[in-house]
file query-v5.csv (CSV, C-alpha atoms)
chain,number,residue,atom,x,y,z
A,26,MET,CA,-38.3,-11.7,22.2
A,27,VAL,CA,-35.4,-13.5,23.8
A,28,SER,CA,-33.0,-11.2,25.6
A,29,VAL,CA,-29.4,-11.7,24.4
A,30,SER,CA,-26.8,-11.5,27.2
A,31,ALA,CA,-23.1,-10.7,26.6
A,32,ALA,CA,-22.1,-14.4,27.1
A,33,LEU,CA,-24.7,-15.5,24.6
A,34,ALA,CA,-23.7,-12.9,22.1
A,35,TRP,CA,-20.0,-13.9,22.3
A,36,GLY,CA,-21.0,-17.5,22.0
A,37,LEU,CA,-23.0,-16.9,18.8
A,38,PHE,CA,-20.1,-14.9,17.4
A,39,CYS,CA,-17.5,-17.5,18.2
A,40,GLY,CA,-19.7,-20.3,17.0
A,41,CYS,CA,-20.3,-18.6,13.6
A,42,ALA,CA,-16.6,-17.9,13.3
A,43,LEU,CA,-15.7,-21.5,14.1
A,44,GLY,CA,-18.3,-22.8,11.6
A,45,ILE,CA,-17.1,-20.5,8.8
A,46,GLY,CA,-13.5,-21.5,9.5
A,47,LEU,CA,-14.2,-25.2,9.5
A,48,TRP,CA,-16.3,-24.9,6.3
A,49,SER,CA,-13.5,-23.0,4.6
A,50,ILE,CA,-10.9,-25.6,5.6
A,51,VAL,CA,-13.1,-28.5,4.4
A,52,SER,CA,-13.7,-26.7,1.1
A,53,THR,CA,-10.0,-26.4,0.4
A,54,ILE,CA,-9.4,-30.2,0.8
A,55,PRO,CA,-8.8,-31.8,-2.6
A,56,ARG,CA,-11.6,-33.9,-3.9
A,57,LEU,CA,-10.9,-37.6,-4.3
A,58,SER,CA,-13.5,-38.1,-7.0
A,59,ARG,CA,-12.4,-38.4,-10.6
A,60,PRO,CA,-12.8,-35.3,-12.8
A,61,ARG,CA,-15.8,-35.2,-15.2
A,62,LEU,CA,-15.4,-35.6,-18.9
A,63,VAL,CA,-16.2,-32.0,-19.6
A,64,GLN,CA,-13.4,-30.9,-17.2
A,65,ARG,CA,-10.9,-33.1,-18.9
A,66,LEU,CA,-11.8,-32.0,-22.5
A,67,ALA,CA,-12.3,-28.3,-21.8
A,68,PRO,CA,-8.5,-27.3,-21.9
A,69,TYR,CA,-8.2,-28.8,-25.4
A,70,ILE,CA,-11.1,-27.0,-27.1
A,71,LEU,CA,-10.6,-23.5,-25.7
A,72,ASP,CA,-10.2,-22.0,-29.2
A,73,VAL,CA,-13.6,-23.2,-30.5
A,74,SER,CA,-15.9,-23.4,-27.5
A,75,ALA,CA,-17.0,-20.5,-25.3
A,76,GLU,CA,-18.4,-23.0,-22.8
A,77,ALA,CA,-15.0,-24.6,-22.4
A,78,ARG,CA,-13.5,-21.3,-21.7
A,79,THR,CA,-16.1,-20.7,-19.0
A,80,VAL,CA,-15.4,-24.1,-17.4
A,81,VAL,CA,-11.7,-23.5,-17.4
A,82,GLY,CA,-12.0,-20.0,-16.1
A,83,ARG,CA,-14.0,-20.9,-13.1
A,84,ARG,CA,-12.0,-20.1,-10.0
A,85,PRO,CA,-13.1,-20.0,-6.3
A,86,VAL,CA,-13.0,-16.6,-4.7
A,87,ASP,CA,-10.0,-16.1,-2.5
A,88,PRO,CA,-9.6,-16.6,0.5
A,89,ILE,CA,-12.7,-18.7,1.4
A,90,PRO,CA,-13.9,-20.4,-1.8
A,91,VAL,CA,-17.3,-21.6,-0.7
A,92,ILE,CA,-18.4,-18.5,1.2
A,93,GLY,CA,-16.9,-16.3,-1.5
A,94,ILE,CA,-19.0,-17.9,-4.2
A,95,LEU,CA,-22.2,-17.4,-2.1
A,96,ILE,CA,-21.5,-13.8,-1.3
A,97,ALA,CA,-20.0,-12.8,-4.6
A,98,PRO,CA,-23.1,-10.8,-5.8
A,99,ALA,CA,-23.3,-8.8,-2.5
A,100,PHE,CA,-19.5,-8.4,-2.5
A,101,GLY,CA,-19.6,-6.9,-6.0
A,102,ALA,CA,-22.4,-4.6,-5.1
A,103,LEU,CA,-20.4,-3.3,-2.1
A,104,LYS,CA,-17.4,-2.7,-4.3
A,105,ARG,CA,-19.5,-0.7,-6.7
A,106,VAL,CA,-20.9,1.4,-3.9
A,107,ILE,CA,-17.5,2.1,-2.5
A,108,GLY,CA,-16.2,3.0,-5.9
A,109,ALA,CA,-19.1,5.3,-6.5
A,110,MET,CA,-18.7,7.0,-3.0
A,111,LEU,CA,-14.9,7.4,-3.1
A,112,GLY,CA,-14.1,7.4,-6.8
A,113,GLY,CA,-10.6,8.2,-7.9
A,114,SER,CA,-9.8,5.0,-9.8
A,115,ASP,CA,-7.0,6.8,-11.7
A,116,GLY,CA,-5.4,7.9,-8.4
A,117,ILE,CA,-5.7,4.5,-6.9
A,118,GLU,CA,-4.1,2.9,-10.0
A,119,ARG,CA,-1.2,5.4,-9.8
A,120,ARG,CA,-0.7,4.7,-6.1
A,121,LEU,CA,-0.8,1.0,-6.7
A,122,ARG,CA,2.0,1.3,-9.3
A,123,GLN,CA,4.0,3.6,-7.0
A,124,SER,CA,3.7,1.1,-4.1
A,125,GLY,CA,5.2,-1.6,-6.2
A,126,GLY,CA,2.3,-4.0,-6.0
A,127,ASP,CA,0.8,-6.0,-8.8
A,128,ARG,CA,-2.8,-5.7,-7.6
A,129,SER,CA,-5.5,-4.2,-9.8
A,130,VAL,CA,-8.0,-1.6,-8.9
A,131,ASP,CA,-10.7,-4.2,-8.6
A,132,ARG,CA,-8.5,-6.2,-6.2
A,133,PHE,CA,-7.9,-3.1,-4.1
A,134,ARG,CA,-11.7,-2.5,-4.0
A,135,SER,CA,-12.1,-6.0,-2.7
A,136,GLU,CA,-9.6,-5.4,0.0
A,137,GLN,CA,-11.4,-2.2,1.0
A,138,VAL,CA,-14.7,-4.2,1.3
A,139,VAL,CA,-12.9,-6.8,3.4
A,140,TRP,CA,-11.5,-4.1,5.7
A,141,ALA,CA,-14.9,-2.5,5.9
A,142,LEU,CA,-16.7,-5.7,6.8
A,143,LEU,CA,-14.1,-6.6,9.5
A,144,ALA,CA,-14.4,-3.1,11.0
A,145,PHE,CA,-18.2,-3.3,10.8
A,146,GLY,CA,-18.1,-6.7,12.5
A,147,LEU,CA,-15.8,-5.4,15.3
A,148,GLY,CA,-18.1,-2.4,15.8
A,149,ALA,CA,-21.2,-4.6,16.0
A,150,ALA,CA,-19.5,-7.0,18.4
A,151,LEU,CA,-18.6,-4.1,20.7
A,152,VAL,CA,-22.1,-2.7,20.6
A,153,VAL,CA,-23.6,-6.1,21.5
A,154,ALA,CA,-21.0,-7.2,24.0
A,155,LEU,CA,-20.4,-4.1,26.0
A,156,PRO,CA,-23.0,-3.2,28.6
A,157,ALA,CA,-22.4,0.5,28.2
A,158,PHE,CA,-24.0,0.6,24.8
A,159,ARG,CA,-27.3,-0.9,26.0
A,160,SER,CA,-28.5,2.5,27.4
A,161,VAL,CA,-27.6,4.5,24.3
A,162,PRO,CA,-30.3,5.2,21.7
A,163,MET,CA,-30.9,2.7,18.9
A,164,ALA,CA,-29.7,5.1,16.2
A,165,VAL,CA,-26.3,5.4,17.9
A,166,SER,CA,-26.0,1.6,18.2
A,167,VAL,CA,-26.7,1.3,14.5
A,168,ALA,CA,-24.5,4.2,13.4
A,169,LEU,CA,-21.4,3.0,15.3
A,170,PRO,CA,-20.8,-0.2,13.2
A,171,VAL,CA,-21.5,1.7,10.0
A,172,LEU,CA,-19.0,4.4,11.0
A,173,ALA,CA,-16.5,1.7,11.9
A,174,GLY,CA,-17.0,0.1,8.5
A,175,LEU,CA,-16.4,3.5,6.8
A,176,CYS,CA,-13.3,4.0,8.9
A,177,GLY,CA,-12.0,0.6,7.8
A,178,THR,CA,-12.5,1.5,4.1
A,179,LEU,CA,-10.6,4.8,4.6
A,180,ALA,CA,-7.9,3.0,6.6
A,181,ARG,CA,-7.1,0.7,3.7
A,182,ASP,CA,-6.9,3.8,1.4
A,183,TRP,CA,-4.6,5.5,3.9
A,184,ALA,CA,-2.4,2.4,4.1
A,185,LEU,CA,-2.0,2.4,0.3
A,186,THR,CA,-1.1,6.1,0.3
A,187,ARG,CA,1.5,5.6,3.1
A,188,ALA,CA,3.0,2.6,1.3
A,189,ALA,CA,3.3,4.6,-2.0
A,190,LYS,CA,4.9,7.6,-0.3
A,191,ALA,CA,7.4,5.4,1.6
A,192,ARG,CA,8.5,3.6,-1.6
A,193,LEU,CA,8.8,6.9,-3.4
A,194,ALA,CA,10.9,8.3,-0.5
A,195,ARG,CA,13.2,5.3,-0.7
A,196,MET,CA,13.6,5.8,-4.5
A,197,GLN,CA,14.4,9.5,-3.9
A,198,SER,CA,17.1,8.6,-1.4
A,199,GLU,CA,18.6,5.9,-3.8
A,200,LEU,CA,18.6,8.1,-6.9
A,201,PRO,CA,21.9,10.0,-6.3
A,202,THR,CA,23.8,6.7,-5.7
A,203,ILE,CA,22.2,5.2,-8.8
A,204,LEU,CA,23.1,8.2,-10.9
A,205,GLU,CA,26.7,8.2,-9.8
A,206,PHE,CA,26.9,4.4,-10.6
A,207,LEU,CA,25.5,5.1,-14.1
A,208,THR,CA,28.0,7.9,-14.5
A,209,LEU,CA,30.9,5.6,-13.7
A,210,SER,CA,29.6,3.0,-16.1
A,211,LEU,CA,29.1,5.5,-18.9
A,212,SER,CA,32.6,7.0,-18.3
A,213,ALA,CA,34.1,3.5,-18.6
A,214,GLY,CA,32.7,3.2,-22.1
A,215,GLU,CA,29.5,1.3,-21.6
A,216,GLY,CA,26.3,2.2,-23.3
A,217,ILE,CA,23.2,3.4,-21.5
A,218,LEU,CA,21.4,0.0,-21.7
A,219,ASP,CA,24.5,-1.9,-20.5
A,220,SER,CA,24.9,0.7,-17.7
A,221,LEU,CA,21.3,0.2,-16.6
A,222,GLY,CA,21.7,-3.5,-16.7
A,223,ARG,CA,24.8,-3.3,-14.5
A,224,VAL,CA,23.1,-1.1,-12.0
A,225,SER,CA,20.1,-3.4,-11.8
A,226,ARG,CA,22.3,-6.5,-11.3
A,227,THR,CA,24.8,-5.1,-8.8
A,228,SER,CA,22.6,-2.9,-6.6
A,229,THR,CA,19.6,-3.5,-4.4
A,230,GLY,CA,16.7,-1.2,-3.9
A,231,GLU,CA,13.4,-0.1,-5.3
A,232,LEU,CA,14.8,2.0,-8.1
A,233,SER,CA,17.3,-0.7,-9.3
A,234,ARG,CA,14.4,-3.1,-9.5
A,235,GLU,CA,12.5,-0.7,-11.7
A,236,PHE,CA,15.5,-0.3,-13.9
A,237,ALA,CA,15.7,-4.1,-14.1
A,238,GLY,CA,12.2,-4.0,-15.5
A,239,VAL,CA,13.2,-1.4,-18.1
A,240,VAL,CA,16.1,-3.6,-19.2
A,241,ALA,CA,13.9,-6.6,-19.5
A,242,ASP,CA,11.3,-4.7,-21.6
A,243,VAL,CA,14.1,-3.4,-23.9
A,244,ARG,CA,15.5,-6.9,-24.4
A,245,VAL,CA,12.0,-8.2,-25.5
A,246,GLY,CA,11.8,-5.5,-28.2
A,247,VAL,CA,10.5,-2.4,-26.5
A,248,PRO,CA,12.4,0.8,-27.5
A,249,LEU,CA,14.5,2.2,-24.7
A,250,HIS,CA,12.8,5.6,-24.9
A,251,SER,CA,9.3,4.0,-24.6
A,252,ALA,CA,10.4,1.8,-21.7
A,253,LEU,CA,11.8,4.8,-19.9
A,254,GLN,CA,8.7,6.9,-20.6
A,255,ALA,CA,6.6,4.0,-19.2
A,256,LEU,CA,8.7,4.0,-16.0
A,257,SER,CA,8.3,7.8,-15.7
A,258,VAL,CA,4.5,7.5,-16.0
A,259,ARG,CA,4.3,4.5,-13.7
A,260,LEU,CA,6.3,6.2,-10.8
A,261,HIS,CA,5.2,9.8,-11.3
A,262,LEU,CA,8.3,10.9,-9.4
A,263,PRO,CA,9.7,14.3,-10.5
A,264,ALA,CA,13.3,13.3,-10.1
A,265,VAL,CA,12.8,10.1,-12.2
A,266,THR,CA,10.8,12.1,-14.8
A,267,ARG,CA,13.7,14.6,-15.0
A,268,LEU,CA,16.2,11.8,-15.4
A,269,VAL,CA,14.1,10.2,-18.2
A,270,ASP,CA,13.8,13.5,-20.0
A,271,GLN,CA,17.6,14.1,-19.8
A,272,ILE,CA,18.4,10.6,-21.1
A,273,ALA,CA,15.9,11.0,-23.9
A,274,GLY,CA,17.4,14.4,-24.8
A,275,ALA,CA,20.9,13.1,-24.8
A,276,LEU,CA,20.0,10.2,-27.0
A,277,ASP,CA,18.2,12.4,-29.5
A,278,ARG,CA,21.0,15.1,-29.7
A,279,GLY,CA,24.0,12.8,-29.2
A,280,THR,CA,25.3,14.8,-26.3
A,281,PRO,CA,27.5,13.3,-23.5
A,282,LEU,CA,25.3,11.7,-20.9
A,283,ALA,CA,27.9,11.2,-18.1
A,284,GLU,CA,28.3,14.8,-17.2
A,285,VAL,CA,24.5,15.4,-17.3
A,286,LEU,CA,23.9,12.5,-14.9
A,287,ARG,CA,26.7,13.7,-12.6
A,288,ALA,CA,25.2,17.1,-12.4
A,289,GLN,CA,21.8,15.7,-11.7
A,290,ALA,CA,23.2,13.5,-8.9
A,291,GLN,CA,24.7,16.6,-7.3
A,292,ASP,CA,21.3,18.4,-7.7
A,293,SER,CA,19.6,15.4,-6.1
A,294,ARG,CA,21.9,15.5,-3.1
A,295,ASP,CA,21.4,19.3,-2.8
A,296,ALA,CA,17.6,18.8,-3.0
A,297,ALA,CA,17.8,16.2,-0.2
A,298,LYS,CA,19.8,18.6,2.0
A,299,ARG,CA,17.2,21.4,1.4
A,300,GLU,CA,14.4,19.0,2.2
A,301,LEU,CA,16.1,17.9,5.4
A,302,LEU,CA,16.5,21.5,6.5
A,303,GLU,CA,12.8,22.2,5.7
A,304,VAL,CA,11.7,19.2,7.8
A,305,ALA,CA,14.0,20.4,10.6
A,306,GLY,CA,12.4,23.9,10.4
A,307,LYS,CA,8.9,22.4,10.5
A,308,LYS,CA,9.8,20.2,13.5
A,309,GLU,CA,11.3,23.1,15.5
A,310,VAL,CA,8.0,24.0,17.1
A,311,ALA,CA,7.3,20.3,17.9
A,312,MET,CA,10.7,20.1,19.5
A,313,LEU,CA,9.8,22.9,21.9
A,314,VAL,CA,6.9,20.9,23.3
A,315,PRO,CA,8.9,18.6,25.5
A,316,LEU,CA,11.2,21.5,26.4
A,317,VAL,CA,8.4,23.8,27.6
A,318,PHE,CA,6.0,21.3,29.1
A,319,LEU,CA,8.5,18.7,30.5
A,320,ILE,CA,12.0,19.9,31.0
A,321,LEU,CA,11.3,23.5,32.0
A,322,PRO,CA,8.7,22.7,34.7
A,323,LEU,CA,10.9,20.0,36.2
A,324,THR,CA,13.8,22.5,36.3
A,325,ILE,CA,11.6,25.1,38.1
A,326,LEU,CA,10.3,22.5,40.4
A,327,PHE,CA,13.8,21.4,41.4
A,328,ALA,CA,14.9,25.0,41.9
A,329,VAL,CA,11.8,26.1,44.0
A,330,PHE,CA,10.9,22.9,46.0
A,331,PRO,CA,13.9,23.1,48.4
A,332,GLY,CA,13.0,26.7,49.3
A,333,LEU,CA,9.3,25.8,49.8
A,334,PHE,CA,10.3,22.8,51.9
A,335,ILE,CA,12.5,25.0,54.2
A,336,LEU,CA,9.7,27.7,54.5
A,337,GLN,CA,7.2,25.0,55.5
A,338,SER,CA,9.6,23.6,58.0
A,339,GLY,CA,9.6,26.9,59.9
A,340,PHE,CA,13.2,28.1,59.4
call {"tool": "encode", "arguments": {"input": "query-v5.csv", "output": "structure tokens"}}
result
Amino acid sequence: MVSVSAALAWGLFCGCALGIGLWSIVSTIPRLSRPRLVQRLAPYILDVSAEARTVVGRRPVDPIPVIGILIAPAFGALKRVIGAMLGGSDGIERRLRQSGGDRSVDRFRSEQVVWALLAFGLGAALVVALPAFRSVPMAVSVALPVLAGLCGTLARDWALTRAAKARLARMQSELPTILEFLTLSLSAGEGILDSLGRVSRTSTGELSREFAGVVADVRVGVPLHSALQALSVRLHLPAVTRLVDQIAGALDRGTPLAEVLRAQAQDSRDAAKRELLEVAGKKEVAMLVPLVFLILPLTILFAVFPGLFILQSGF
């Protein structure tokens, strides 16, 4: 067996990375050859030929087409393994909708596999390159890259959860202003659909973009109640769900909607104040840490050090 030094290991790693990168770049260069006859005719016979649909539907796997096609079976197996281990496809789909992305669950699983492979490669490179890992048992050297890959998978899930929570928090902060804008529009005599359209056109933010989608759905034939219910299910935000229920109730009963929205806007601001007070109460103990461990010791040190210095000087 040939002993692998750190320099040789890094050389192998950099050479493989360079080769894959050059191969990927070459694979993306447009071909100068003329398309075949089957490729030219396939788009015109999609309705009558399954083979034509197969030819047209062929797409290289993003981001490295050639390598992606070669590792597609193993890539799919890894996605199925991660899906079986972690599960929660419904929760992932809900968080994807809440984060505002247009990715599917399958695309998210692919991103998890990519993160896991990158973390696994980084862990393996550290085990091979660092001399400290040469004296550890083989089981530890094998388990470290596997653990790094698992951490990469969980890190992608954590990033999605954080993005979804951040977007929902922005919507929660935008809701009182949006409600007051809707109230002004309704008080001026506009209908609920025109008010939603005005809000989506003149304001910026996550919630206004969601309302723009609702207006677009209504204008292509979807009932307003159904579009609002779809928005409520997609966001799964209690404040938005309460808003949709109040709008639906007002439309069914014919009650004035402006006063209802004004009251909900005030309730949303009160809820934001209460949440701020709760966060401040939770952070109270954390705020004592710098006071107790930094400011108070320095104060005592400044008060006691001159006396100690004078005593040591012999006065």
call {"tool": "closest_residue", "arguments": {"input": "query-v5.csv", "among": "A:Gly108, A:Gly148, A:Gly101, A:Gly214", "to": "Leu282 (chain A)", "atoms": "only C-alpha atoms"}}
result
A:Gly214
call {"tool": "residues_around", "arguments": {"input": "query-v5.csv", "residues": "Val130 (chain A)", "least_positions_apart": "6", "cutoff": "7 Å", "atoms": "all atoms listed in the file", "output": "ChimeraX atom specification"}}
result
/A:114,117-118
call {"tool": "write_last_selection", "arguments": {"input": "query-v5.csv", "atoms": "C-alpha atoms", "output": "PDB file, in the coordinates of the input"}}
result
ATOM      1  CA  SER A 114      -9.800   5.000  -9.800  1.00  0.00           C
ATOM      2  CA  ILE A 117      -5.700   4.500  -6.900  1.00  0.00           C
ATOM      3  CA  GLU A 118      -4.100   2.900 -10.000  1.00  0.00           C
TER       4      GLU A 118
END
call {"tool": "residues_around", "arguments": {"input": "query-v5.csv", "residues": "region 243-248 of chain A", "least_positions_apart": "6", "cutoff": "10 Å", "atoms": "all atoms listed in the file", "output": "list in words"}}
result
Leu218, Ala237 and Gln254 of chain A
call {"tool": "residues_near_point", "arguments": {"input": "query-v5.csv", "point": "(22.2, 5.3, -7.3)", "cutoff": "9 Å", "atoms": "only C-alpha atoms", "output": "JSON list (two decimals) with C-alpha atoms, in the coordinates of the input"}}
result
[["chain", "number", "residue", "atom", "x", "y", "z"],
["A", 198, "SER", "CA", 17.10, 8.60, -1.40],
["A", 199, "GLU", "CA", 18.60, 5.90, -3.80],
["A", 200, "LEU", "CA", 18.60, 8.10, -6.90],
["A", 201, "PRO", "CA", 21.90, 10.00, -6.30],
["A", 202, "THR", "CA", 23.80, 6.70, -5.70],
["A", 203, "ILE", "CA", 22.20, 5.20, -8.80],
["A", 204, "LEU", "CA", 23.10, 8.20, -10.90],
["A", 205, "GLU", "CA", 26.70, 8.20, -9.80],
["A", 206, "PHE", "CA", 26.90, 4.40, -10.60],
["A", 207, "LEU", "CA", 25.50, 5.10, -14.10],
["A", 224, "VAL", "CA", 23.10, -1.10, -12.00],
["A", 228, "SER", "CA", 22.60, -2.90, -6.60],
["A", 232, "LEU", "CA", 14.80, 2.00, -8.10],
["A", 233, "SER", "CA", 17.30, -0.70, -9.30],
["A", 290, "ALA", "CA", 23.20, 13.50, -8.90]]
call {"tool": "closest_residue", "arguments": {"input": "query-v5.csv", "among": "A:Ala273, A:Leu323, A:Met312, A:Leu262", "to": "Leu249 (chain A)", "atoms": "all atoms listed in the file"}}
result
A:Ala273
call {"tool": "atom_distance", "arguments": {"input": "query-v5.csv", "atom1": "CA of Gly274 (chain A)", "atom2": "CA of Asp295 (chain A)"}}
result
22.9 Å
call {"tool": "residues_near_point", "arguments": {"input": "query-v5.csv", "point": "(-17.9, 0.0, 7.9)", "cutoff": "12 Å", "atoms": "all atoms listed in the file", "output": "ChimeraX atom specification"}}
result
/A:103,107,137-149,167-181
call {"tool": "atom_distance", "arguments": {"input": "query-v5.csv", "atom1": "CA of Phe318 (chain A)", "atom2": "CA of Leu333 (chain A)"}}
result
21.4 Å
call {"tool": "closest_residue", "arguments": {"input": "query-v5.csv", "among": "A:Val106, A:Ala99, A:Leu33, A:Val240", "to": "Ala154 (chain A)", "atoms": "all atoms listed in the file"}}
result
A:Leu33
call {"tool": "atom_distance", "arguments": {"input": "query-v5.csv", "atom1": "CA of Ala42 (chain A)", "atom2": "CA of Asp182 (chain A)"}}
result
26.6 Å
call {"tool": "residues_around", "arguments": {"input": "query-v5.csv", "residues": "Val258 (chain A)", "least_positions_apart": "5", "cutoff": "9 Å", "atoms": "only C-alpha atoms", "output": "ChimeraX atom specification"}}
result
/A:119,253,266
call {"tool": "decode", "arguments": {"input": "query-v5.csv", "residues": "region 228-247 of chain A", "atoms": "N, CA and C atoms", "output": "mmCIF file, in the first residue's frame"}}
result
data_model
loop_
_atom_site.group_PDB
_atom_site.id
_atom_site.type_symbol
_atom_site.label_atom_id
_atom_site.label_comp_id
_atom_site.auth_asym_id
_atom_site.auth_seq_id
_atom_site.Cartn_x
_atom_site.Cartn_y
_atom_site.Cartn_z
ATOM 1 N N SER A 228 -47.861 49.407 -2.087
ATOM 2 C CA SER A 228 -47.019 49.067 -0.943
ATOM 3 C C SER A 228 -46.037 47.976 -1.333
ATOM 4 N N THR A 229 -44.989 47.891 -0.568
ATOM 5 C CA THR A 229 -43.972 46.866 -0.774
ATOM 6 C C THR A 229 -43.873 46.015 0.482
ATOM 7 N N GLY A 230 -43.547 44.773 0.301
ATOM 8 C CA GLY A 230 -43.438 43.872 1.430
ATOM 9 C C GLY A 230 -43.931 42.493 1.060
ATOM 10 N N GLU A 231 -43.712 41.576 1.979
ATOM 11 C CA GLU A 231 -44.089 40.191 1.728
ATOM 12 C C GLU A 231 -45.605 40.024 1.660
ATOM 13 N N LEU A 232 -46.326 40.654 2.579
ATOM 14 C CA LEU A 232 -47.770 40.480 2.629
ATOM 15 C C LEU A 232 -48.453 41.132 1.430
ATOM 16 N N SER A 233 -47.956 42.268 0.998
ATOM 17 C CA SER A 233 -48.542 42.909 -0.187
ATOM 18 C C SER A 233 -48.329 42.067 -1.436
ATOM 19 N N ARG A 234 -47.195 41.372 -1.536
ATOM 20 C CA ARG A 234 -46.984 40.479 -2.672
ATOM 21 C C ARG A 234 -47.945 39.296 -2.633
ATOM 22 N N GLU A 235 -48.224 38.804 -1.433
ATOM 23 C CA GLU A 235 -49.204 37.724 -1.321
ATOM 24 C C GLU A 235 -50.592 38.205 -1.741
ATOM 25 N N PHE A 236 -50.967 39.407 -1.359
ATOM 26 C CA PHE A 236 -52.250 39.961 -1.778
ATOM 27 C C PHE A 236 -52.275 40.200 -3.288
ATOM 28 N N ALA A 237 -51.145 40.545 -3.867
ATOM 29 C CA ALA A 237 -51.090 40.680 -5.322
ATOM 30 C C ALA A 237 -51.381 39.349 -6.002
ATOM 31 N N GLY A 238 -50.894 38.258 -5.423
ATOM 32 C CA GLY A 238 -51.223 36.940 -5.961
ATOM 33 C C GLY A 238 -52.701 36.615 -5.838
ATOM 34 N N VAL A 239 -53.314 37.032 -4.718
ATOM 35 C CA VAL A 239 -54.753 36.817 -4.543
ATOM 36 C C VAL A 239 -55.534 37.590 -5.601
ATOM 37 N N VAL A 240 -55.177 38.842 -5.844
ATOM 38 C CA VAL A 240 -55.862 39.659 -6.855
ATOM 39 C C VAL A 240 -55.701 39.044 -8.239
ATOM 40 N N ALA A 241 -54.497 38.547 -8.542
ATOM 41 C CA ALA A 241 -54.274 37.914 -9.848
ATOM 42 C C ALA A 241 -55.129 36.656 -10.005
ATOM 43 N N ASP A 242 -55.252 35.865 -8.932
ATOM 44 C CA ASP A 242 -56.089 34.669 -9.006
ATOM 45 C C ASP A 242 -57.557 35.024 -9.217
ATOM 46 N N VAL A 243 -58.027 36.059 -8.539
ATOM 47 C CA VAL A 243 -59.435 36.462 -8.692
ATOM 48 C C VAL A 243 -59.698 36.956 -10.112
ATOM 49 N N ARG A 244 -58.765 37.651 -10.696
ATOM 50 C CA ARG A 244 -58.980 38.198 -12.033
ATOM 51 C C ARG A 244 -58.936 37.138 -13.131
ATOM 52 N N VAL A 245 -58.402 35.945 -12.826
ATOM 53 C CA VAL A 245 -58.443 34.859 -13.813
ATOM 54 C C VAL A 245 -59.620 33.919 -13.572
ATOM 55 N N GLY A 246 -60.483 34.251 -12.601
ATOM 56 C CA GLY A 246 -61.700 33.472 -12.445
ATOM 57 C C GLY A 246 -61.867 32.764 -11.120
ATOM 58 N N VAL A 247 -60.887 32.827 -10.228
ATOM 59 C CA VAL A 247 -61.005 32.160 -8.931
ATOM 60 C C VAL A 247 -61.861 33.026 -8.009
#
